[in-house]
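Engineer: I am sharing protein.cif, which consists of mmCIF, C-alpha atoms and all ligand atoms:
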data_upload
#
loop_
_atom_site.label_atom_id
_atom_site.label_comp_id
_atom_site.auth_asym_id
_atom_site.auth_seq_id
_atom_site.Cartn_x
_atom_site.Cartn_y
_atom_site.Cartn_z
CA MET A 1 177.04 18.84 -56.90
CA SER A 2 180.57 20.15 -57.13
CA ALA A 3 180.91 23.44 -58.92
CA THR A 4 184.42 22.98 -60.34
CA PRO A 5 184.39 25.04 -63.53
CA LEU A 6 185.43 23.55 -66.85
CA PRO A 7 188.92 24.79 -67.71
CA PRO A 8 189.49 26.87 -70.84
CA ASN A 9 189.74 24.75 -74.00
CA ALA A 10 187.36 22.11 -72.62
CA THR A 11 184.68 20.89 -75.02
CA ILE A 12 180.97 21.50 -74.63
CA GLY A 13 178.67 19.18 -76.57
CA ILE A 14 175.47 20.74 -77.89
CA LEU A 15 172.55 18.66 -79.12
CA GLY A 16 170.80 20.50 -81.94
CA GLY A 17 172.26 22.51 -84.79
CA GLY A 18 169.92 25.49 -85.16
CA GLN A 19 170.53 29.17 -84.50
CA LEU A 20 170.34 28.73 -80.72
CA GLY A 21 173.17 26.21 -80.91
CA ARG A 22 175.10 28.54 -83.21
CA MET A 23 174.83 31.50 -80.84
CA SER A 24 175.63 29.28 -77.86
CA ALA A 25 178.73 27.98 -79.66
CA LEU A 26 179.84 31.53 -80.49
CA ALA A 27 179.44 32.53 -76.83
CA ALA A 28 181.34 29.40 -75.76
CA ALA A 29 184.20 30.32 -78.11
CA GLU A 30 184.36 33.77 -76.52
CA LEU A 31 184.65 32.10 -73.13
CA GLY A 32 187.53 29.94 -74.37
CA TYR A 33 185.66 26.68 -74.96
CA ARG A 34 185.28 24.43 -77.99
CA CYS A 35 181.88 23.16 -79.05
CA HIS A 36 180.96 19.85 -80.60
CA ILE A 37 177.53 20.03 -82.25
CA TYR A 38 175.46 16.87 -82.63
CA ALA A 39 172.47 17.05 -84.96
CA PRO A 40 170.82 14.98 -87.69
CA GLU A 41 171.23 17.71 -90.34
CA ALA A 42 174.61 18.44 -91.99
CA ASP A 43 175.82 22.05 -92.44
CA SER A 44 173.37 23.32 -89.84
CA PRO A 45 173.79 26.90 -88.52
CA GLY A 46 175.47 25.57 -85.39
CA MET A 47 177.87 23.26 -87.19
CA GLN A 48 179.19 26.14 -89.31
CA VAL A 49 180.77 27.71 -86.21
CA ALA A 50 181.65 24.61 -84.17
CA ALA A 51 185.06 23.04 -83.54
CA ALA A 52 183.66 19.54 -84.11
CA ARG A 53 180.45 18.04 -85.43
CA SER A 54 178.54 14.77 -85.50
CA VAL A 55 175.82 14.27 -88.07
CA ALA A 56 173.72 11.43 -86.70
CA ASP A 57 170.27 10.51 -85.52
CA TYR A 58 169.28 11.39 -81.93
CA GLU A 59 168.81 7.70 -81.13
CA ASP A 60 172.02 6.38 -82.71
CA ALA A 61 173.60 4.76 -79.63
CA ALA A 62 177.06 4.31 -81.15
CA ALA A 63 177.26 7.90 -82.41
CA LEU A 64 176.01 9.19 -79.04
CA ALA A 65 178.64 7.16 -77.16
CA ALA A 66 181.41 8.53 -79.38
CA PHE A 67 180.03 12.05 -78.88
CA ALA A 68 179.92 11.59 -75.08
CA ALA A 69 183.54 10.40 -75.11
CA SER A 70 184.68 13.50 -76.97
CA VAL A 71 183.05 16.18 -74.78
CA ASP A 72 183.25 17.31 -71.14
CA VAL A 73 179.58 18.22 -70.71
CA VAL A 74 176.45 18.07 -72.85
CA THR A 75 173.75 20.69 -73.27
CA PHE A 76 170.79 21.22 -75.60
CA GLU A 77 169.58 23.92 -77.91
CA PHE A 78 166.46 21.92 -78.65
CA GLU A 79 164.21 20.45 -75.94
CA ASN A 80 162.50 17.86 -78.09
CA VAL A 81 165.35 15.36 -78.11
CA PRO A 82 163.93 11.88 -77.45
CA ALA A 83 164.02 10.62 -73.85
CA ARG A 84 166.14 7.73 -75.17
CA THR A 85 168.95 10.15 -76.13
CA LEU A 86 169.31 11.27 -72.54
CA GLU A 87 169.12 7.70 -71.25
CA ILE A 88 172.13 6.88 -73.43
CA LEU A 89 174.11 10.04 -72.65
CA ALA A 90 173.42 10.60 -68.95
CA PRO A 91 175.49 7.65 -67.62
CA LEU A 92 178.44 8.71 -69.80
CA VAL A 93 178.72 12.48 -69.39
CA PRO A 94 177.11 15.27 -67.31
CA CYS A 95 173.97 16.55 -69.10
CA ARG A 96 172.85 20.08 -68.23
CA PRO A 97 169.98 20.70 -67.98
CA GLY A 98 168.95 17.19 -67.01
CA LYS A 99 166.11 14.80 -67.58
CA LYS A 100 163.48 16.55 -65.46
CA ALA A 101 163.67 19.90 -67.28
CA LEU A 102 163.45 18.23 -70.68
CA ALA A 103 160.62 15.87 -69.73
CA VAL A 104 158.49 18.63 -68.18
CA CYS A 105 158.97 21.03 -71.08
CA GLN A 106 158.34 18.43 -73.79
CA ASP A 107 154.80 17.79 -72.68
CA ARG A 108 152.18 20.51 -72.17
CA LEU A 109 150.25 18.37 -69.64
CA GLN A 110 153.33 17.94 -67.45
CA GLU A 111 154.25 21.58 -68.02
CA LYS A 112 150.88 22.90 -66.81
CA THR A 113 150.86 20.54 -63.82
CA PHE A 114 154.40 21.61 -62.96
CA LEU A 115 153.68 25.35 -63.29
CA GLU A 116 150.69 25.09 -60.96
CA ALA A 117 152.72 23.14 -58.41
CA ALA A 118 155.49 25.75 -58.65
CA GLY A 119 152.98 28.49 -57.79
CA VAL A 120 152.64 29.95 -61.29
CA PRO A 121 148.95 30.42 -62.14
CA VAL A 122 147.85 29.06 -65.54
CA ALA A 123 144.61 29.23 -67.55
CA PRO A 124 142.05 26.47 -66.84
CA TRP A 125 142.98 23.34 -68.82
CA ARG A 126 141.94 19.72 -69.33
CA ALA A 127 143.67 16.69 -70.82
CA VAL A 128 141.89 15.44 -73.95
CA HIS A 129 142.35 11.81 -74.99
CA SER A 130 139.08 11.35 -76.91
CA LEU A 131 136.35 13.36 -78.62
CA GLU A 132 134.19 12.57 -75.60
CA ASP A 133 136.82 14.12 -73.30
CA LEU A 134 136.81 17.20 -75.54
CA HIS A 135 133.02 17.67 -75.27
CA LYS A 136 133.26 17.31 -71.50
CA ALA A 137 136.20 19.73 -71.29
CA VAL A 138 134.37 22.35 -73.39
CA ALA A 139 131.28 21.97 -71.19
CA GLU A 140 133.49 22.77 -68.18
CA ILE A 141 135.82 25.42 -69.61
CA GLY A 142 133.55 27.07 -72.20
CA LEU A 143 134.27 28.61 -75.60
CA PRO A 144 136.36 30.09 -77.04
CA ALA A 145 139.15 27.72 -76.09
CA VAL A 146 142.44 26.57 -77.57
CA LEU A 147 143.04 22.91 -78.40
CA LYS A 148 146.73 21.98 -78.64
CA THR A 149 148.89 18.93 -79.14
CA THR A 150 150.78 18.17 -75.94
CA ARG A 151 154.06 17.49 -77.76
CA LEU A 152 156.16 18.96 -80.57
CA GLY A 153 154.18 22.18 -81.11
CA TYR A 154 156.05 25.38 -82.02
CA ASP A 155 155.36 28.72 -83.70
CA GLY A 156 151.61 28.12 -83.30
CA ARG A 157 151.73 24.74 -85.07
CA GLY A 158 149.67 21.97 -83.54
CA GLN A 159 146.86 24.13 -82.19
CA ALA A 160 143.34 25.27 -83.08
CA VAL A 161 141.06 27.92 -81.61
CA LEU A 162 137.58 26.51 -80.95
CA ARG A 163 134.85 29.12 -81.20
CA ALA A 164 131.65 27.13 -81.87
CA PRO A 165 130.45 23.60 -81.05
CA GLU A 166 130.91 22.51 -84.69
CA ASP A 167 134.68 23.28 -84.44
CA LEU A 168 135.30 20.45 -81.97
CA ALA A 169 135.22 17.30 -84.11
CA PRO A 170 137.32 18.60 -87.06
CA ALA A 171 139.97 20.08 -84.75
CA PHE A 172 140.15 16.87 -82.72
CA ALA A 173 140.53 14.82 -85.91
CA ARG A 174 143.23 17.09 -87.37
CA LEU A 175 145.58 17.58 -84.41
CA GLU A 176 148.24 14.89 -84.04
CA PRO A 177 149.81 13.31 -82.10
CA LYS A 178 147.27 12.64 -79.35
CA PRO A 179 146.67 13.24 -76.48
CA LEU A 180 145.66 16.88 -76.69
CA ILE A 181 145.13 19.63 -74.14
CA LEU A 182 142.25 22.09 -74.04
CA GLU A 183 143.03 25.52 -72.57
CA ALA A 184 140.62 28.34 -71.86
CA PHE A 185 141.13 31.19 -74.31
CA VAL A 186 142.99 33.92 -72.42
CA PRO A 187 141.86 37.49 -73.20
CA PHE A 188 145.38 38.81 -72.64
CA THR A 189 146.36 42.44 -73.05
CA GLN A 190 150.02 41.54 -73.69
CA GLU A 191 152.35 38.58 -73.91
CA ILE A 192 155.52 38.90 -71.89
CA SER A 193 158.39 36.56 -71.10
CA ALA A 194 161.34 36.38 -68.76
CA VAL A 195 164.65 34.57 -69.20
CA ALA A 196 166.34 33.19 -66.07
CA ALA A 197 169.71 31.51 -65.66
CA ARG A 198 170.68 29.11 -62.89
CA GLY A 199 174.22 28.01 -62.16
CA LEU A 200 175.64 24.72 -61.04
CA ASP A 201 175.77 26.14 -57.49
CA GLY A 202 172.03 26.88 -57.56
CA GLN A 203 172.40 30.64 -57.83
CA ALA A 204 169.70 32.10 -60.12
CA VAL A 205 169.34 35.43 -61.91
CA ALA A 206 166.76 36.81 -64.34
CA TYR A 207 166.85 39.39 -67.09
CA ASP A 208 164.22 42.08 -67.33
CA ALA A 209 160.86 40.87 -68.60
CA VAL A 210 160.16 41.65 -72.24
CA GLU A 211 157.02 42.23 -74.24
CA ASN A 212 156.47 40.00 -77.26
CA HIS A 213 154.48 40.55 -80.44
CA HIS A 214 153.86 37.75 -82.94
CA HIS A 215 153.19 37.78 -86.67
CA HIS A 216 151.60 34.66 -88.18
CA HIS A 217 152.32 32.93 -84.83
CA ILE A 218 156.08 33.60 -85.13
CA LEU A 219 157.78 35.99 -82.72
CA ASP A 220 158.19 39.27 -84.58
CA LEU A 221 159.23 41.87 -82.00
CA SER A 222 160.42 41.93 -78.40
CA PHE A 223 160.55 45.18 -76.44
CA ALA A 224 163.06 45.19 -73.58
CA PRO A 225 161.93 46.09 -71.04
CA ALA A 226 158.23 45.17 -71.31
CA ARG A 227 156.04 48.25 -71.13
CA VAL A 228 154.01 46.90 -68.24
CA ALA A 229 153.42 47.78 -64.59
CA PRO A 230 156.57 47.18 -62.50
CA ALA A 231 154.74 44.59 -60.37
CA ALA A 232 153.96 42.44 -63.42
CA ALA A 233 157.56 42.65 -64.66
CA ALA A 234 158.88 41.72 -61.21
CA ALA A 235 156.44 38.80 -60.94
CA ALA A 236 157.56 37.45 -64.33
CA ARG A 237 161.22 37.47 -63.27
CA ALA A 238 160.44 35.92 -59.89
CA HIS A 239 158.36 33.16 -61.51
CA ALA A 240 161.15 32.41 -64.01
CA MET A 241 163.75 32.05 -61.24
CA ARG A 242 161.36 29.89 -59.21
CA VAL A 243 160.69 27.63 -62.20
CA ALA A 244 164.43 27.26 -62.79
CA ALA A 245 164.96 26.26 -59.16
CA GLU A 246 162.02 23.81 -59.13
CA LEU A 247 163.31 22.16 -62.33
CA ASP A 248 166.77 21.96 -60.79
CA LEU A 249 167.89 23.61 -64.00
CA VAL A 250 171.52 24.25 -64.86
CA GLY A 251 171.43 26.63 -67.80
CA VAL A 252 168.95 29.14 -69.14
CA LEU A 253 165.19 29.00 -69.52
CA ALA A 254 162.40 31.26 -70.66
CA VAL A 255 158.87 31.39 -69.31
CA GLU A 256 156.13 32.88 -71.50
CA PHE A 257 153.22 34.62 -69.79
CA PHE A 258 149.87 36.16 -70.65
CA LEU A 259 149.17 39.49 -68.93
CA LEU A 260 145.50 39.84 -67.96
CA PRO A 261 143.56 43.12 -67.99
CA ASP A 262 143.64 43.15 -64.15
CA GLY A 263 147.45 42.94 -64.13
CA ARG A 264 147.75 39.26 -63.16
CA LEU A 265 150.03 36.89 -65.07
CA LEU A 266 149.23 33.41 -66.31
CA GLY A 267 152.09 31.08 -67.26
CA ASN A 268 151.91 29.69 -70.80
CA GLU A 269 155.06 27.81 -71.78
CA ILE A 270 158.56 27.04 -70.53
CA ALA A 271 161.54 26.64 -72.86
CA PRO A 272 164.51 25.02 -71.01
CA ARG A 273 167.12 26.73 -73.22
CA PRO A 274 167.99 30.16 -74.61
CA HIS A 275 164.87 31.68 -76.20
CA ASN A 276 164.10 33.95 -79.12
CA SER A 277 162.65 36.54 -76.72
CA GLY A 278 166.07 36.74 -75.03
CA HIS A 279 168.08 37.68 -78.14
CA TRP A 280 168.06 41.36 -77.12
CA THR A 281 170.46 40.45 -74.28
CA MET A 282 173.24 39.94 -76.86
CA ASP A 283 173.62 43.69 -77.24
CA ALA A 284 171.92 45.26 -74.20
CA CYS A 285 173.45 43.35 -71.25
CA ALA A 286 176.96 42.57 -70.02
CA ALA A 287 176.35 38.82 -70.39
CA SER A 288 173.94 37.60 -73.07
CA GLN A 289 171.58 34.68 -72.51
CA PHE A 290 174.03 32.55 -74.55
CA HIS A 291 177.01 33.51 -72.40
CA GLN A 292 174.87 32.82 -69.36
CA HIS A 293 173.85 29.40 -70.66
CA ILE A 294 177.47 28.43 -71.35
CA ARG A 295 178.63 29.84 -68.01
CA ALA A 296 176.02 27.77 -66.18
CA VAL A 297 176.73 24.58 -68.11
CA ALA A 298 180.48 25.04 -67.63
CA GLY A 299 180.11 25.65 -63.89
CA LEU A 300 181.34 29.25 -64.09
CA PRO A 301 179.78 32.03 -62.03
CA LEU A 302 176.87 33.68 -63.83
CA GLY A 303 177.41 37.01 -65.59
CA GLY A 304 175.66 40.36 -65.27
CA VAL A 305 172.00 40.52 -66.30
CA GLU A 306 171.61 44.26 -65.88
CA ARG A 307 170.16 46.04 -68.91
CA HIS A 308 172.58 48.83 -69.87
CA SER A 309 170.38 49.88 -72.81
CA ASP A 310 166.76 49.49 -73.81
CA ALA A 311 166.31 47.36 -76.91
CA VAL A 312 163.86 46.33 -79.56
CA MET A 313 164.53 42.99 -81.22
CA ARG A 314 163.06 42.33 -84.66
CA ASN A 315 163.17 38.82 -86.08
CA LEU A 316 164.23 38.62 -89.72
CA VAL A 317 161.86 36.01 -91.09
CA GLY A 318 161.81 34.65 -94.65
CA PRO A 319 162.37 36.74 -97.78
CA GLU A 320 160.67 39.85 -96.32
CA GLY A 321 163.01 39.81 -93.35
CA MET A 322 166.08 39.45 -95.54
CA ALA A 323 164.91 42.29 -97.80
CA LYS A 324 165.50 44.67 -94.87
CA LEU A 325 169.13 43.69 -94.55
CA PRO A 326 170.85 46.44 -96.60
CA ALA A 327 169.04 49.16 -94.65
CA LEU A 328 169.67 47.49 -91.30
CA LEU A 329 173.37 47.09 -92.04
CA GLY A 330 173.54 50.80 -92.75
CA ASP A 331 171.79 51.79 -89.51
CA ASN A 332 174.23 52.36 -86.70
CA SER A 333 171.63 52.01 -83.94
CA VAL A 334 171.18 48.39 -85.00
CA ALA A 335 173.17 45.19 -84.39
CA VAL A 336 172.49 42.50 -86.98
CA HIS A 337 172.79 38.77 -86.25
CA LEU A 338 172.40 36.26 -89.09
CA TYR A 339 172.17 32.50 -88.76
CA GLY A 340 173.95 31.29 -91.91
CA LYS A 341 170.89 29.64 -93.47
CA ALA A 342 171.19 29.26 -97.24
CA SER A 343 167.62 29.80 -98.40
CA ALA A 344 165.17 32.36 -97.03
CA ARG A 345 162.02 30.28 -97.17
CA GLU A 346 158.71 31.77 -96.06
CA GLY A 347 158.39 31.64 -92.28
CA ARG A 348 162.06 30.69 -91.70
CA LYS A 349 163.96 32.58 -89.00
CA MET A 350 167.02 33.91 -90.86
CA GLY A 351 168.39 36.28 -88.22
CA HIS A 352 167.43 39.13 -85.95
CA ALA A 353 168.23 42.80 -85.46
CA ASN A 354 168.60 44.56 -82.11
CA ARG A 355 168.09 48.29 -82.00
CA LEU A 356 169.50 49.91 -78.87
CA PHE A 357 168.25 53.02 -77.07
CA PRO A 358 169.40 54.83 -73.95
CA ARG A 359 168.03 53.09 -70.87
CA GLY A 360 164.62 54.52 -69.96
CA THR A 361 163.54 55.26 -73.54
CA LEU A 362 160.99 52.47 -73.72
CA SER A 363 159.32 53.05 -70.37
CA GLY A 364 158.57 56.55 -71.65
CA THR A 365 156.17 54.95 -74.13
CA LEU A 366 153.95 53.44 -71.43
CA SER A 367 151.29 56.11 -71.61
CA ASP A 368 148.55 55.38 -74.17
CA THR A 369 148.60 58.84 -75.71
CA LEU A 370 152.29 58.54 -76.51
CA ALA A 371 152.25 54.92 -77.55
CA ASP A 372 151.50 54.99 -81.26
CA THR A 373 153.83 57.75 -82.40
CA ALA A 374 156.57 56.73 -79.99
CA GLU A 375 156.38 53.14 -81.13
CA ALA A 376 156.53 54.11 -84.79
CA ALA A 377 159.72 56.06 -84.07
CA LEU A 378 161.27 53.12 -82.18
CA LEU A 379 160.56 50.79 -85.09
CA SER A 380 161.35 53.02 -88.05
CA GLY A 381 163.38 51.03 -90.59
CA LEU A 382 163.47 47.96 -88.34
N1 LIG A 401 145.12 29.73 -74.12
C1 LIG A 401 145.39 30.70 -74.99
N2 LIG A 401 144.62 31.82 -75.07
C2 LIG A 401 144.89 32.80 -75.97
N3 LIG A 401 145.92 32.77 -76.85
C3 LIG A 401 146.72 31.69 -76.83
C4 LIG A 401 146.51 30.60 -75.90
N4 LIG A 401 147.47 29.69 -76.10
C5 LIG A 401 148.25 30.16 -77.09
N5 LIG A 401 147.81 31.35 -77.54
C6 LIG A 401 148.45 32.17 -78.60
O1 LIG A 401 149.18 31.31 -79.47
C7 LIG A 401 150.59 31.56 -79.36
C8 LIG A 401 151.38 30.27 -79.46
O2 LIG A 401 150.98 29.37 -78.42
P1 LIG A 401 152.03 28.63 -77.49
O3 LIG A 401 151.27 27.82 -76.51
O4 LIG A 401 153.01 29.59 -76.96
O5 LIG A 401 152.69 27.60 -78.50
P2 LIG A 401 154.01 27.63 -79.38
O6 LIG A 401 154.77 28.88 -79.05
O7 LIG A 401 154.72 26.39 -78.94
O8 LIG A 401 153.52 27.54 -80.77
C9 LIG A 401 150.76 32.27 -78.03
O9 LIG A 401 151.94 33.04 -78.04
C10 LIG A 401 149.47 33.10 -77.99
O10 LIG A 401 149.58 34.24 -78.83
MG MG A 402 155.03 29.88 -77.25
#
How does this structure look as structure tokens?
Ligand SMILES: Nc1ncnc2c1ncn2[C@@H]1O[C@H](COP(=O)(O)OP(=O)(O)O)[C@@H](O)[C@H]1O
Ligand SMILES: [Mg+2]
Structural biologist:
Amino acid sequence: MSATPLPPNATIGILGGGQLGRMSALAAAELGYRCHIYAPEADSPGMQVAAARSVADYEDAAALAAFAASVDVVTFEFENVPARTLEILAPLVPCRPGKKALAVCQDRLQEKTFLEAAGVPVAPWRAVHSLEDLHKAVAEIGLPAVLKTTRLGYDGRGQAVLRAPEDLAPAFARLEPKPLILEAFVPFTQEISAVAARGLDGQAVAYDAVENHHHHHILDLSFAPARVAPAAAAAARAHAMRVAAELDLVGVLAVEFFLLPDGRLLGNEIAPRPHNSGHWTMDACAASQFHQHIRAVAGLPLGGVERHSDAVMRNLVGPEGMAKLPALLGDNSVAVHLYGKASAREGRKMGHANRLFPRGTLSGTLSDTLADTAEAALLSGL
């Protein structure tokens, strides 16, 4: 593939109008590009900052053709666009990332199969098409286990933890759409993730691995770097770059991992786009994950991934998150990023705050005796 970069003032089409599209469009503007956002919802966070917008359904062939004609390249902030969308767009305009990355990451069965083939260990799993399959899978994998939909799950939606034999039938009946996947319950000590970027020329880079903490299944905090053994952090980055190469990705992806008590990593999920656990890069690295994504999609060389500062990212979720805003705006160790959403509904990601520290601050909190007090200091007011 030729790596001729898009010239300044070219137009990048982005499918999806959420905060990831918004931050990608802002990064694109900084790099001299225009963005055209295509999404079904009007006045979405992305559209507020875009040069052009199309409000239309993802399967509206006429609207997609007009969109393709008005942009130089298409990317995604949302991996669950229907396969049909890409079938319509791909013959008309370069789509980065392409069909393979989207197909693999839309379906947990394909994702697990792909991760194993790419050399990333995963927890034992079975496909579940029927209640009979589920009984068989539980007999093989044991309890506890996690039953998940294979498609369209996010923020812990579309999954159930099975602890006892009587949990099987109700969970199977409730979870839609079928088929489902059963995964062994992983007794992880931490959840970490790594964001990698891969350019049009195949060059790949990865940011430092980060440690993620969830609240009500929504990402709450990321610590950059992850306070884990260096070998685990290095493995996470290497896996993320490998996955990007195997998917033939052009753009950014994140891989989520479980860290086991013995130090091994198991792959959990891949997101073929900028990821919430990479938001710290906006303030702690020369090129953020959004700049990197736009650079890759535009055929530019990738930017610097080195962490010049340590960072803690706090998601601002719902009314409680927004209540912290006055204090955060008055705290000069913190960079605030808001997404332009009108109403702060419960569970809605409204923005995030990055607190920066001199590089090396976080690794000082690795020791157990230091951890609690040091962590409280890192998070105070955040
Ligand atoms: N097999 C598992 N064992 C233990 N915990 C799990 C397992 N799968 C998921 N979880 C927990 O649920 C969270 C959400 O699951 P995940 O598969 O990442 O779905 P999503 O992020 O799409 O909702 C994970 O971050 C983890 O905390
Ligand atoms: Mg996840």
Engineer: Considering all atoms listed in the file, can you say which of A:Leu147, A:Arg198, A:Met241, A:Arg348 comes closest to A:Asp133?
Structural biologist: A:Leu147
Engineer: Can you tell me how far atom CA of A:Met350 sits from atom CA of A:Ala335, in Å to one decimal?
Structural biologist: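 Those two atoms sit 14.4 Å apart.
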Engineer: Counting all atoms listed in the file, which of A:Gly263, A:Pro94, A:Gly330, A:Gly158 gets nearest to A:Glu176?
Structural biologist: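 Smallest distance to A:Glu176 is found for A:Gly158.
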Engineer: Once you count all atoms listed in the file, which residues end up within 7 Å of ligand LIG 401 (chain A), and could you hand them over as number ranges by chain?
Structural biologist: A: 123, 145-146, 153-157, 183-188, 191, 214, 217, 268-269
Engineer: Can you tell me which residues surround A:Ala245 at a distance of at most 12 Å, considering only C-alpha atoms, apart from same-chain residues fewer than 4 positions away, and format the answer as a list in words?
Structural biologist: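 Non-adjacent residues within range: Pro97, Lys100, Ala101, Ala118, Ala196, Ala197, Arg198, Gly199, Leu200, Asp201, Gly202, Gln203, Ala204, Val205, Ala206, Ala238, His239, Ala240, Met241, Leu249, Val250, Gly251, Val252, Leu253 and Pro272 of chain A.
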Engineer: Which residues, written as a PDB file with C-alpha atoms, keeping the file's coordinate frame, have at least one atom at most 12 Å from A:Ala103, with only C-alpha atoms counted and residues fewer than 3 positions away on the same chain left out?
Structural biologist:
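In the end it all went to out.pdb:
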ATOM      1  CA  GLU A  79     164.210  20.450 -75.940  1.00  0.00           C
ATOM      2  CA  ASN A  80     162.500  17.860 -78.090  1.00  0.00           C
ATOM      3  CA  VAL A  81     165.350  15.360 -78.110  1.00  0.00           C
ATOM      4  CA  PRO A  82     163.930  11.880 -77.450  1.00  0.00           C
ATOM      5  CA  ALA A  83     164.020  10.620 -73.850  1.00  0.00           C
ATOM      6  CA  ARG A  84     166.140   7.730 -75.170  1.00  0.00           C
ATOM      7  CA  THR A  85     168.950  10.150 -76.130  1.00  0.00           C
ATOM      8  CA  LEU A  86     169.310  11.270 -72.540  1.00  0.00           C
ATOM      9  CA  GLU A  87     169.120   7.700 -71.250  1.00  0.00           C
ATOM     10  CA  PRO A  97     169.980  20.700 -67.980  1.00  0.00           C
ATOM     11  CA  GLY A  98     168.950  17.190 -67.010  1.00  0.00           C
ATOM     12  CA  LYS A  99     166.110  14.800 -67.580  1.00  0.00           C
ATOM     13  CA  LYS A 100     163.480  16.550 -65.460  1.00  0.00           C
ATOM     14  CA  GLN A 106     158.340  18.430 -73.790  1.00  0.00           C
ATOM     15  CA  ASP A 107     154.800  17.790 -72.680  1.00  0.00           C
ATOM     16  CA  ARG A 108     152.180  20.510 -72.170  1.00  0.00           C
ATOM     17  CA  LEU A 109     150.250  18.370 -69.640  1.00  0.00           C
ATOM     18  CA  GLN A 110     153.330  17.940 -67.450  1.00  0.00           C
ATOM     19  CA  GLU A 111     154.250  21.580 -68.020  1.00  0.00           C
ATOM     20  CA  PHE A 114     154.400  21.610 -62.960  1.00  0.00           C
ATOM     21  CA  THR A 150     150.780  18.170 -75.940  1.00  0.00           C
ATOM     22  CA  ARG A 151     154.060  17.490 -77.760  1.00  0.00           C
ATOM     23  CA  LEU A 247     163.310  22.160 -62.330  1.00  0.00           C
ATOM     24  CA  ILE A 270     158.560  27.040 -70.530  1.00  0.00           C
ATOM     25  CA  ALA A 271     161.540  26.640 -72.860  1.00  0.00           C
ATOM     26  CA  PRO A 272     164.510  25.020 -71.010  1.00  0.00           C
TER      27      PRO A 272
END
